[in-house]
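Each remark here refers to the structure printed beneath this line.
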Amino acid sequence: MKISVVIPVYNKAEYVERCLVSCLQQMFDDYEVIAVNDGSTDSSGVICEAIAKSDDRLRVITTVNGGVTAARRIGVEHAKGDFVTFVDADDKLLPHSLQTLYDAMVTSQADEVIGTFVDQYGNDHSTGRTGFVEHSVLLKEILAHQARFCILWGVLFKRNWLEDCLTAPRTIQSGEDKLMQMMYLMKHPKVYFIDQSVYEYTIDVPNNRKLNIEEERVYDDVLRNVLAPEMETYQYDYTLRQLKQYENFVDQRLFGQFERYYHQQISGKLSSKLPLADRLVYCLPPRISYYLIHWRKQFNA
C-alpha cells in the first residue's frame with residue numbers, strides 16, 4: 001500500500017463526516033484511511049463506524065483518551081502504507097491531495113513533501129517555496145515562531161522515518177505538531193516543497209487553551225533532548241523560542257506564573273544577535289512590556 005491517512009478524532013462530531021468523506025473521495029487508488037477515536041464522548045465514534053461500514057478503506061480504532069499525539073502514534077503503528085499523511089478531524093483533504101503529494105514524493109525522491117493549503121473561505125496560503133529546502137532552515141524557522149509552512153497536515157512523510165517522532169508526553173497539548181516535525185527534521189530528511197494546495201484548513205475553530213508554565217517546562221525538557229546532538233547549532237534559535245514563549249505568556253497577561261522560570265532559563269543568553277525588540281520587551285517589567293507585545297502581535301496579525 002502506498003499511503004495511509006491518519007486522523008485523530010476527539011469530539012469532532014460537527015466536522016468528522018465531511019473530513020472522512022473528503023479523504024475517501026481522493027483521485028488516487030492505493031491508500032487507506034485510519035480514524036483513531038481518542039475516547040470521544042460525543043457521537044464522533046458512531047459517525048466514524050457508520051462510514052466504515054460502507055467503505056472498507058476506512059478503519060476505525062477506538063482507544064481511551066490519550067491525547068492527539070498518542071492517537072497519531074496509534075494510527076501510524078497500524079498503518080500499512082509506505083507513506084503517511086495526517087489530517088485533523090475538523091479539516092478536509094482536497095480531491096487531488098494524495099495524488100499530488102505522492103507524485104512529488106516519487107519525482108523528487110524526497111523524504112518529506114510539504115504542500116500548501118486553503119481555508120474554508122477559499123483563501124490560498126502559499127509558502128512561495130518550491131523545491132528542496134535544507135532541514136536546518138525549517139527547524140530554525142519553527143523554533144523562532146517564523147514557520148509559514150504546513151507543519152503536520154498537508155505533508156507526506158515516509159512511514160519508517162516517523163519512528164520515535166510521536167513520543168511527546170500527554171502533558172504537552174500545545175505545539176505537539178511542531179515538536180513532532182522537529183523530531184523528524186533532526187533526522188536530516190530531504191524536504192521538498194510544492195506550491196500546490198492539498199489541504200483545506202478550518203480557521204476560527206474555538207480554542208480557549210491557556211498557556212501553562214508546567215507544560216512549558218516539560219516541552220523545554222523534551223525539546224532540549226531532541227536538539228541535544230546539535231545544540232551548539234541551534235542554541236541561538238532555542239533561546240529565541242524561549243523569548244517568544246515568554247512574550248506569549250505576557251500577551252495572555254499571565255503575570256506571576258512564569259517570570260522566575262524564564263529568567264533562570266534566559267539569563268546570560270541575551271546575545272546581541274537576538275532581535276532588539278525581543279530583548280527590549282524581555283528587559284522591561286511584564287506589565288509594561290505587555291502593551292508593546294500586544295501591539296506588535298496585533299500589527300503583524
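Labeling convention for the C-alpha cells: chains A, B, ... as they appear, residues from 1 per chain, ligands from 1 in order of appearance.
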
Item to complete: With a distance cut-off of 7 Å and only C-alpha atoms, select the neighbouring residues of segment 57-64 of chain A, excluding the residue or stretch itself and same-chain residues fewer than 2 positions from it, and output the selection as a PyMOL selection string.
Response: chain A and resi 32-39+48-49+52+55+66

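The residue that comes closest to Leu276 of chain A, out of A:Glu259, A:Gln245, A:Leu240, A:Glu134 and on the basis of only C-alpha atoms, is A:Leu240.
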
Item to complete: Skip segment 180-193 of chain A itself and residues of its chain fewer than 6 positions away, then list as a PyMOL selection string all residues within 9 Å of it, counting only C-alpha atoms.
Response: chain A and resi 69+104-105+108-116+127+129-136+138-139+142-143+151-152+161-168+223+226-227+229-230

Writer output for current selection, C-alpha atoms, as a PDB file, in the first residue's frame:
```pdb
ATOM      1  CA  THR A  69      -0.012  12.693  19.799  1.00  0.00           C
ATOM      2  CA  ALA A 104       6.001  14.901  -5.859  1.00  0.00           C
ATOM      3  CA  MET A 105       7.482  12.327  -3.479  1.00  0.00           C
ATOM      4  CA  SER A 108      11.789  14.260  -6.114  1.00  0.00           C
ATOM      5  CA  GLN A 109      12.872  11.136  -4.194  1.00  0.00           C
ATOM      6  CA  ALA A 110      12.456  13.237  -1.052  1.00  0.00           C
ATOM      7  CA  ASP A 111      11.875  12.010   2.489  1.00  0.00           C
ATOM      8  CA  GLU A 112       9.138  14.577   3.122  1.00  0.00           C
ATOM      9  CA  VAL A 113       6.925  16.605   0.797  1.00  0.00           C
ATOM     10  CA  ILE A 114       5.201  19.785   2.013  1.00  0.00           C
ATOM     11  CA  GLY A 115       2.260  21.324   0.166  1.00  0.00           C
ATOM     12  CA  THR A 116       0.201  24.448   0.780  1.00  0.00           C
ATOM     13  CA  THR A 127       4.644  29.485   1.141  1.00  0.00           C
ATOM     14  CA  ARG A 129       8.561  27.849  -1.915  1.00  0.00           C
ATOM     15  CA  THR A 130       9.279  25.137  -4.449  1.00  0.00           C
ATOM     16  CA  GLY A 131      11.979  22.511  -4.495  1.00  0.00           C
ATOM     17  CA  PHE A 132      14.344  21.333  -1.786  1.00  0.00           C
ATOM     18  CA  VAL A 133      14.889  23.302   1.411  1.00  0.00           C
ATOM     19  CA  GLU A 134      17.515  22.405   3.999  1.00  0.00           C
ATOM     20  CA  HIS A 135      16.097  20.729   7.093  1.00  0.00           C
ATOM     21  CA  SER A 136      18.091  23.096   9.340  1.00  0.00           C
ATOM     22  CA  LEU A 138      12.966  24.765   8.538  1.00  0.00           C
ATOM     23  CA  LEU A 139      13.896  23.715  12.054  1.00  0.00           C
ATOM     24  CA  ILE A 142       9.887  26.590  13.748  1.00  0.00           C
ATOM     25  CA  LEU A 143      11.990  27.430  16.789  1.00  0.00           C
ATOM     26  CA  ILE A 151       3.850  21.647   9.933  1.00  0.00           C
ATOM     27  CA  LEU A 152       2.000  18.330  10.099  1.00  0.00           C
ATOM     28  CA  TRP A 161      11.051   7.760   9.325  1.00  0.00           C
ATOM     29  CA  LEU A 162       8.242   8.542  11.789  1.00  0.00           C
ATOM     30  CA  GLU A 163       9.563   6.076  14.343  1.00  0.00           C
ATOM     31  CA  ASP A 164      10.308   7.870  17.636  1.00  0.00           C
ATOM     32  CA  CYS A 165       8.783  11.113  16.314  1.00  0.00           C
ATOM     33  CA  LEU A 166       5.433  10.716  18.098  1.00  0.00           C
ATOM     34  CA  THR A 167       6.649  10.427  21.662  1.00  0.00           C
ATOM     35  CA  ALA A 168       5.599  13.770  23.174  1.00  0.00           C
ATOM     36  CA  LEU A 223      12.955  19.876  23.090  1.00  0.00           C
ATOM     37  CA  VAL A 226      15.667  16.457  20.778  1.00  0.00           C
ATOM     38  CA  LEU A 227      18.191  19.168  19.919  1.00  0.00           C
ATOM     39  CA  PRO A 229      23.037  16.174  19.403  1.00  0.00           C
ATOM     40  CA  GLU A 230      23.298  19.552  17.636  1.00  0.00           C
TER      41      GLU A 230
END
```

Practice prompt. Tell me which protein, DNA and RNA residues are within 12 Å of Ser289 of chain A, counting only C-alpha atoms, leaving out same-chain ones fewer than 5 positions away, and put them as a list in words.
Written response: Tyr246, Glu247, Asn248, Phe249, Val250, Asp251, Gln252, Arg253, Phe255, Ala277, Asp278, Arg279, Leu280, Val281, Tyr282, Cys283, Leu284, His294, Trp295 and Arg296 of chain A

N, CA and C atoms of the current selection, written as an mmCIF file, in the first residue's frame:
```
data_model
loop_
_atom_site.group_PDB
_atom_site.id
_atom_site.type_symbol
_atom_site.label_atom_id
_atom_site.label_comp_id
_atom_site.auth_asym_id
_atom_site.auth_seq_id
_atom_site.Cartn_x
_atom_site.Cartn_y
_atom_site.Cartn_z
ATOM 1 N N TYR A 246 7.974 33.431 26.275
ATOM 2 C CA TYR A 246 7.854 34.424 27.341
ATOM 3 C C TYR A 246 6.866 35.516 26.923
ATOM 4 N N GLU A 247 7.015 35.983 25.685
ATOM 5 C CA GLU A 247 6.125 37.029 25.187
ATOM 6 C C GLU A 247 4.676 36.537 25.099
ATOM 7 N N ASN A 248 4.488 35.279 24.769
ATOM 8 C CA ASN A 248 3.126 34.739 24.712
ATOM 9 C C ASN A 248 2.477 34.732 26.092
ATOM 10 N N PHE A 249 3.251 34.406 27.114
ATOM 11 C CA PHE A 249 2.725 34.460 28.482
ATOM 12 C C PHE A 249 2.334 35.889 28.841
ATOM 13 N N VAL A 250 3.205 36.840 28.507
ATOM 14 C CA VAL A 250 2.901 38.248 28.792
ATOM 15 C C VAL A 250 1.639 38.673 28.052
ATOM 16 N N ASP A 251 1.527 38.275 26.786
ATOM 17 C CA ASP A 251 0.383 38.678 25.970
ATOM 18 C C ASP A 251 -0.928 38.145 26.533
ATOM 19 N N GLN A 252 -0.889 37.002 27.214
ATOM 20 C CA GLN A 252 -2.088 36.461 27.853
ATOM 21 C C GLN A 252 -2.268 36.986 29.276
ATOM 22 N N ARG A 253 -1.416 37.928 29.658
ATOM 23 C CA ARG A 253 -1.496 38.586 30.971
ATOM 24 C C ARG A 253 -1.432 37.580 32.114
ATOM 25 N N PHE A 255 0.623 37.124 34.431
ATOM 26 C CA PHE A 255 1.696 37.659 35.242
ATOM 27 C C PHE A 255 1.879 36.830 36.519
ATOM 28 N N ALA A 277 13.946 44.046 19.483
ATOM 29 C CA ALA A 277 12.593 44.175 20.036
ATOM 30 C C ALA A 277 12.333 43.099 21.077
ATOM 31 N N ASP A 278 12.788 41.870 20.820
ATOM 32 C CA ASP A 278 12.573 40.775 21.770
ATOM 33 C C ASP A 278 13.406 40.973 23.034
ATOM 34 N N ARG A 279 14.626 41.466 22.874
ATOM 35 C CA ARG A 279 15.456 41.728 24.051
ATOM 36 C C ARG A 279 14.868 42.855 24.888
ATOM 37 N N LEU A 280 14.317 43.856 24.204
ATOM 38 C CA LEU A 280 13.761 45.016 24.909
ATOM 39 C C LEU A 280 12.563 44.616 25.769
ATOM 40 N N VAL A 281 11.614 43.889 25.185
ATOM 41 C CA VAL A 281 10.416 43.544 25.956
ATOM 42 C C VAL A 281 10.750 42.583 27.086
ATOM 43 N N TYR A 282 11.808 41.804 26.921
ATOM 44 C CA TYR A 282 12.212 40.899 27.997
ATOM 45 C C TYR A 282 12.784 41.674 29.186
ATOM 46 N N CYS A 283 13.491 42.756 28.889
ATOM 47 C CA CYS A 283 14.136 43.531 29.953
ATOM 48 C C CYS A 283 13.160 44.443 30.694
ATOM 49 N N LEU A 284 12.037 44.745 30.086
ATOM 50 C CA LEU A 284 11.035 45.592 30.733
ATOM 51 C C LEU A 284 10.182 44.778 31.704
ATOM 52 N N HIS A 294 1.571 43.196 22.803
ATOM 53 C CA HIS A 294 0.207 43.092 22.291
ATOM 54 C C HIS A 294 0.040 43.932 21.024
ATOM 55 N N TRP A 295 0.624 45.117 21.027
ATOM 56 C CA TRP A 295 0.538 45.964 19.835
ATOM 57 C C TRP A 295 1.230 45.316 18.653
ATOM 58 N N ARG A 296 2.411 44.742 18.903
ATOM 59 C CA ARG A 296 3.163 44.121 17.814
ATOM 60 C C ARG A 296 2.414 42.909 17.246
#
```
